[in-house]
$ cat structure_16.cif   # mmCIF, C-alpha atoms
data_run
loop_
_atom_site.group_PDB
_atom_site.id
_atom_site.type_symbol
_atom_site.label_atom_id
_atom_site.label_comp_id
_atom_site.auth_asym_id
_atom_site.auth_seq_id
_atom_site.Cartn_x
_atom_site.Cartn_y
_atom_site.Cartn_z
ATOM 1 C CA MET A 1 34.034 -23.197 24.311
ATOM 2 C CA LYS A 2 30.983 -22.240 26.382
ATOM 3 C CA HIS A 3 31.744 -18.590 25.755
ATOM 4 C CA ARG A 4 31.724 -19.057 21.970
ATOM 5 C CA LYS A 5 28.447 -21.015 22.095
ATOM 6 C CA PHE A 6 26.904 -18.165 24.086
ATOM 7 C CA HIS A 7 27.832 -15.709 21.280
ATOM 8 C CA TYR A 8 26.282 -17.951 18.626
ATOM 9 C CA ILE A 9 23.001 -18.081 20.555
ATOM 10 C CA HIS A 10 22.936 -14.294 20.941
ATOM 11 C CA PHE A 11 23.727 -13.849 17.249
ATOM 12 C CA ALA A 12 20.949 -16.257 16.270
ATOM 13 C CA LEU A 13 18.405 -14.514 18.511
ATOM 14 C CA LEU A 14 19.402 -11.087 17.222
ATOM 15 C CA SER A 15 19.105 -12.306 13.620
ATOM 16 C CA LEU A 16 15.665 -13.786 14.285
ATOM 17 C CA CYS A 17 14.422 -10.575 15.937
ATOM 18 C CA THR A 18 15.737 -8.505 13.033
ATOM 19 C CA MET A 19 13.982 -10.730 10.481
ATOM 20 C CA LEU A 20 10.698 -10.507 12.399
ATOM 21 C CA PHE A 21 10.969 -6.736 12.668
ATOM 22 C CA VAL A 22 11.739 -6.269 8.975
ATOM 23 C CA SER A 23 8.997 -8.645 7.796
ATOM 24 C CA ALA A 24 6.374 -7.309 10.187
ATOM 25 C CA CYS A 25 5.393 -4.275 8.117
ATOM 26 C CA ALA A 26 5.271 -3.689 4.378
ATOM 27 C CA SER A 27 3.759 -1.259 1.930
ATOM 28 C CA ALA A 28 3.132 -1.501 -1.793
ATOM 29 C CA GLY A 29 1.938 1.028 -4.302
ATOM 30 C CA ASN A 30 2.270 4.748 -4.805
ATOM 31 C CA ARG A 31 4.163 6.265 -1.868
ATOM 32 C CA ALA A 32 2.810 9.736 -2.696
ATOM 33 C CA LEU A 33 -0.464 8.623 -1.070
ATOM 34 C CA ARG A 34 1.253 7.729 2.220
ATOM 35 C CA ASN A 35 0.326 10.974 4.025
ATOM 36 C CA GLU A 36 -2.797 11.769 2.001
ATOM 37 C CA THR A 37 -6.358 11.725 3.310
ATOM 38 C CA GLU A 38 -9.680 12.385 1.630
ATOM 39 C CA THR A 39 -9.519 15.944 2.969
ATOM 40 C CA SER A 40 -5.951 16.623 1.834
ATOM 41 C CA VAL A 41 -6.659 15.336 -1.684
ATOM 42 C CA LYS A 42 -9.779 17.531 -1.916
ATOM 43 C CA ALA A 43 -7.576 20.507 -1.058
ATOM 44 C CA LYS A 44 -5.132 19.651 -3.886
ATOM 45 C CA ILE A 45 -7.515 18.685 -6.705
ATOM 46 C CA THR A 46 -10.269 20.975 -7.997
ATOM 47 C CA VAL A 47 -12.831 19.620 -10.453
ATOM 48 C CA GLY A 48 -12.798 21.603 -13.699
ATOM 49 C CA VAL A 49 -9.463 23.270 -12.836
ATOM 50 C CA THR A 50 -6.706 20.747 -12.058
ATOM 51 C CA THR A 51 -4.973 19.378 -15.160
ATOM 52 C CA LYS A 52 -3.525 15.961 -15.881
ATOM 53 C CA GLU A 53 0.015 17.341 -15.656
ATOM 54 C CA GLN A 54 -0.712 18.930 -12.257
ATOM 55 C CA VAL A 55 -2.005 15.572 -10.997
ATOM 56 C CA ARG A 56 1.151 13.881 -12.326
ATOM 57 C CA ALA A 57 3.272 16.488 -10.506
ATOM 58 C CA LEU A 58 1.396 15.800 -7.248
ATOM 59 C CA PHE A 59 1.175 11.995 -7.319
ATOM 60 C CA GLY A 60 3.459 10.770 -10.107
ATOM 61 C CA SER A 61 2.404 8.393 -12.847
ATOM 62 C CA PRO A 62 -0.724 6.350 -12.140
ATOM 63 C CA GLY A 63 -0.538 2.686 -11.208
ATOM 64 C CA ALA A 64 -3.236 1.932 -13.789
ATOM 65 C CA THR A 65 -4.888 3.764 -16.664
ATOM 66 C CA GLU A 66 -8.307 2.869 -18.065
ATOM 67 C CA TYR A 67 -10.760 4.438 -20.485
ATOM 68 C CA THR A 68 -14.528 4.893 -20.371
ATOM 69 C CA ASP A 69 -16.737 3.769 -23.261
ATOM 70 C CA GLY A 70 -16.738 7.405 -24.376
ATOM 71 C CA GLY A 71 -12.932 7.550 -24.449
ATOM 72 C CA LEU A 72 -12.332 9.549 -21.236
ATOM 73 C CA GLU A 73 -9.156 8.640 -19.354
ATOM 74 C CA ILE A 74 -9.199 7.278 -15.778
ATOM 75 C CA TRP A 75 -6.092 7.213 -13.591
ATOM 76 C CA LYS A 76 -5.868 4.946 -10.533
ATOM 77 C CA TYR A 77 -3.439 5.157 -7.647
ATOM 78 C CA ASP A 78 -3.213 2.590 -4.827
ATOM 79 C CA LEU A 79 -1.193 2.214 -1.651
ATOM 80 C CA GLU A 80 -1.420 -0.735 0.727
ATOM 81 C CA LYS A 81 0.232 -0.602 4.123
ATOM 82 C CA LEU A 82 0.173 -4.010 5.788
ATOM 83 C CA HIS A 83 1.533 -5.557 8.959
ATOM 84 C CA SER A 84 1.803 -9.222 9.866
ATOM 85 C CA ASP A 85 -0.965 -10.638 12.035
ATOM 86 C CA ALA A 86 -0.181 -12.638 15.161
ATOM 87 C CA VAL A 87 -0.899 -15.970 13.439
ATOM 88 C CA GLU A 88 2.367 -15.661 11.504
ATOM 89 C CA TYR A 89 4.347 -15.902 14.738
ATOM 90 C CA ILE A 90 2.702 -19.093 15.999
ATOM 91 C CA PRO A 91 5.162 -21.951 15.545
ATOM 92 C CA ILE A 92 4.110 -24.527 12.927
ATOM 93 C CA VAL A 93 0.839 -22.675 12.078
ATOM 94 C CA GLY A 94 2.764 -19.886 10.386
ATOM 95 C CA LEU A 95 4.358 -22.430 8.063
ATOM 96 C CA PHE A 96 0.974 -23.267 6.502
ATOM 97 C CA GLY A 97 -0.341 -19.781 5.901
ATOM 98 C CA SER A 98 0.041 -16.116 6.549
ATOM 99 C CA SER A 99 -2.218 -13.196 7.312
ATOM 100 C CA LYS A 100 -1.564 -9.486 6.970
ATOM 101 C CA SER A 101 -3.874 -6.609 7.859
ATOM 102 C CA GLY A 102 -3.754 -2.902 7.261
ATOM 103 C CA THR A 103 -5.207 -0.186 5.069
ATOM 104 C CA ARG A 104 -5.592 0.439 1.357
ATOM 105 C CA LYS A 105 -5.761 3.959 -0.033
ATOM 106 C CA THR A 106 -7.213 4.377 -3.510
ATOM 107 C CA LEU A 107 -7.365 7.517 -5.617
ATOM 108 C CA VAL A 108 -9.371 7.408 -8.863
ATOM 109 C CA ILE A 109 -9.418 10.396 -11.220
ATOM 110 C CA LEU A 110 -11.554 10.858 -14.342
ATOM 111 C CA PHE A 111 -10.320 13.408 -16.891
ATOM 112 C CA ASP A 112 -12.447 15.193 -19.504
ATOM 113 C CA ASP A 113 -11.588 15.649 -23.201
ATOM 114 C CA ASN A 114 -9.346 18.623 -22.317
ATOM 115 C CA ASP A 115 -7.239 16.634 -19.800
ATOM 116 C CA VAL A 116 -8.845 18.436 -16.845
ATOM 117 C CA VAL A 117 -10.231 16.614 -13.785
ATOM 118 C CA LYS A 118 -13.916 15.837 -14.288
ATOM 119 C CA LYS A 119 -14.425 13.701 -11.143
ATOM 120 C CA PHE A 120 -12.245 12.084 -8.513
ATOM 121 C CA ASN A 121 -12.555 9.956 -5.404
ATOM 122 C CA MET A 122 -10.122 9.177 -2.602
ATOM 123 C CA SER A 123 -10.944 6.333 -0.230
ATOM 124 C CA GLU A 124 -9.242 4.513 2.607
ATOM 125 C CA SER A 125 -10.437 1.117 3.743
ATOM 126 C CA PRO A 126 -9.262 -1.752 5.933
ATOM 127 C CA VAL A 127 -7.793 -4.742 4.099
ATOM 128 C CA THR A 128 -6.751 -8.275 5.040
ATOM 129 C CA VAL A 129 -4.577 -10.489 2.856
ATOM 130 C CA LYS A 130 -4.413 -14.203 3.618
ATOM 131 C CA SER A 131 -2.425 -16.926 1.931
ATOM 132 C CA GLY A 132 -1.582 -20.544 2.473
ATOM 133 C CA ILE A 133 -3.402 -23.844 2.549
ATOM 134 C CA PHE A 134 -5.834 -22.910 5.344
ATOM 135 C CA ASN A 135 -7.043 -19.641 3.806
#

$ encode --input "structure_16.cif" --output "structure tokens"
Amino acid sequence: MKHRKFHYIHFALLSLCTMLFVSACASAGNRALRNETETSVKAKITVGVTTKEQVRALFGSPGATEYTDGGLEIWKYDLEKLHSDAVEYIPIVGLFGSSKSGTRKTLVILFDDNDVVKKFNMSESPVTVKSGIFN
């Protein structure tokens, strides 16, 4: 009987460690931006040359599309890569809120009337997402 109880404890600990590992890191958004930097995007997009279809081939469909007052199209791509902060692993405290930190990459592209890139900007910034009753 003691032997069986020992297996249950090991199974429970292994399950808990697996859940913590899986929930510790998450990403959301356009995965094509995962390995991109401001420099790498500047090497791929040329103002006045790169077309809308070339951008779609590089990064896929945009996460959001907007239009300027003049009718020019703007494509937006985002990628957030977050990991759980230490507060989530504190017993009891983690039940009342969560905190994740990481980076957000954003690519914004403005097209002219001929569907050619007029302007673009790639940025990467730190981000923190908090939820729960204490945040």

$ resolve_selection --input "structure_16.cif" --expression "the PyMOL selection byres ((chain A and resi 125) around 10)" --output "PyMOL selection string"
chain A and resi 80+102-106+123-124+126-127

$ resolve_selection --input "structure_16.cif" --expression "the PyMOL selection byres ((chain A and resi 111) around 10)" --output "ChimeraX atom specification"
/A:47-48,50-52,67,71-75,109-110,112-120

$ atom_distance --input "structure_16.cif" --atom1 "atom CA of Lys81 of chain A" --atom2 "atom CA of Asn121 of chain A"
19.1 Å

$ resolve_selection --input "structure_16.cif" --expression "the PyMOL selection byres ((chain A and resi 29-41) around 7)" --output "ChimeraX atom specification"
/A:27-28,42-45,59,77-80,122-123

$ write_last_selection --input "structure_16.cif" --atoms "C-alpha atoms" --output "mmCIF file, keeping the file's coordinate frame"
data_model
loop_
_atom_site.group_PDB
_atom_site.id
_atom_site.type_symbol
_atom_site.label_atom_id
_atom_site.label_comp_id
_atom_site.auth_asym_id
_atom_site.auth_seq_id
_atom_site.Cartn_x
_atom_site.Cartn_y
_atom_site.Cartn_z
ATOM 1 C CA SER A 27 3.759 -1.259 1.930
ATOM 2 C CA ALA A 28 3.132 -1.501 -1.793
ATOM 3 C CA LYS A 42 -9.779 17.531 -1.916
ATOM 4 C CA ALA A 43 -7.576 20.507 -1.058
ATOM 5 C CA LYS A 44 -5.132 19.651 -3.886
ATOM 6 C CA ILE A 45 -7.515 18.685 -6.705
ATOM 7 C CA PHE A 59 1.175 11.995 -7.319
ATOM 8 C CA TYR A 77 -3.439 5.157 -7.647
ATOM 9 C CA ASP A 78 -3.213 2.590 -4.827
ATOM 10 C CA LEU A 79 -1.193 2.214 -1.651
ATOM 11 C CA GLU A 80 -1.420 -0.735 0.727
ATOM 12 C CA MET A 122 -10.122 9.177 -2.602
ATOM 13 C CA SER A 123 -10.944 6.333 -0.230
#

$ atom_distance --input "structure_16.cif" --atom1 "atom CA of Gly63 of chain A" --atom2 "atom CA of Lys76 of chain A"
5.8 Å

$ closest_residue --input "structure_16.cif" --among "A:Ser61, A:Arg56, A:Asp69, A:Thr128" --to "Ser84 of chain A" --atoms "only C-alpha atoms"
A:Thr128

$ atom_distance --input "structure_16.cif" --atom1 "atom CA of Val108 of chain A" --atom2 "atom CA of Val55 of chain A"
11.2 Å
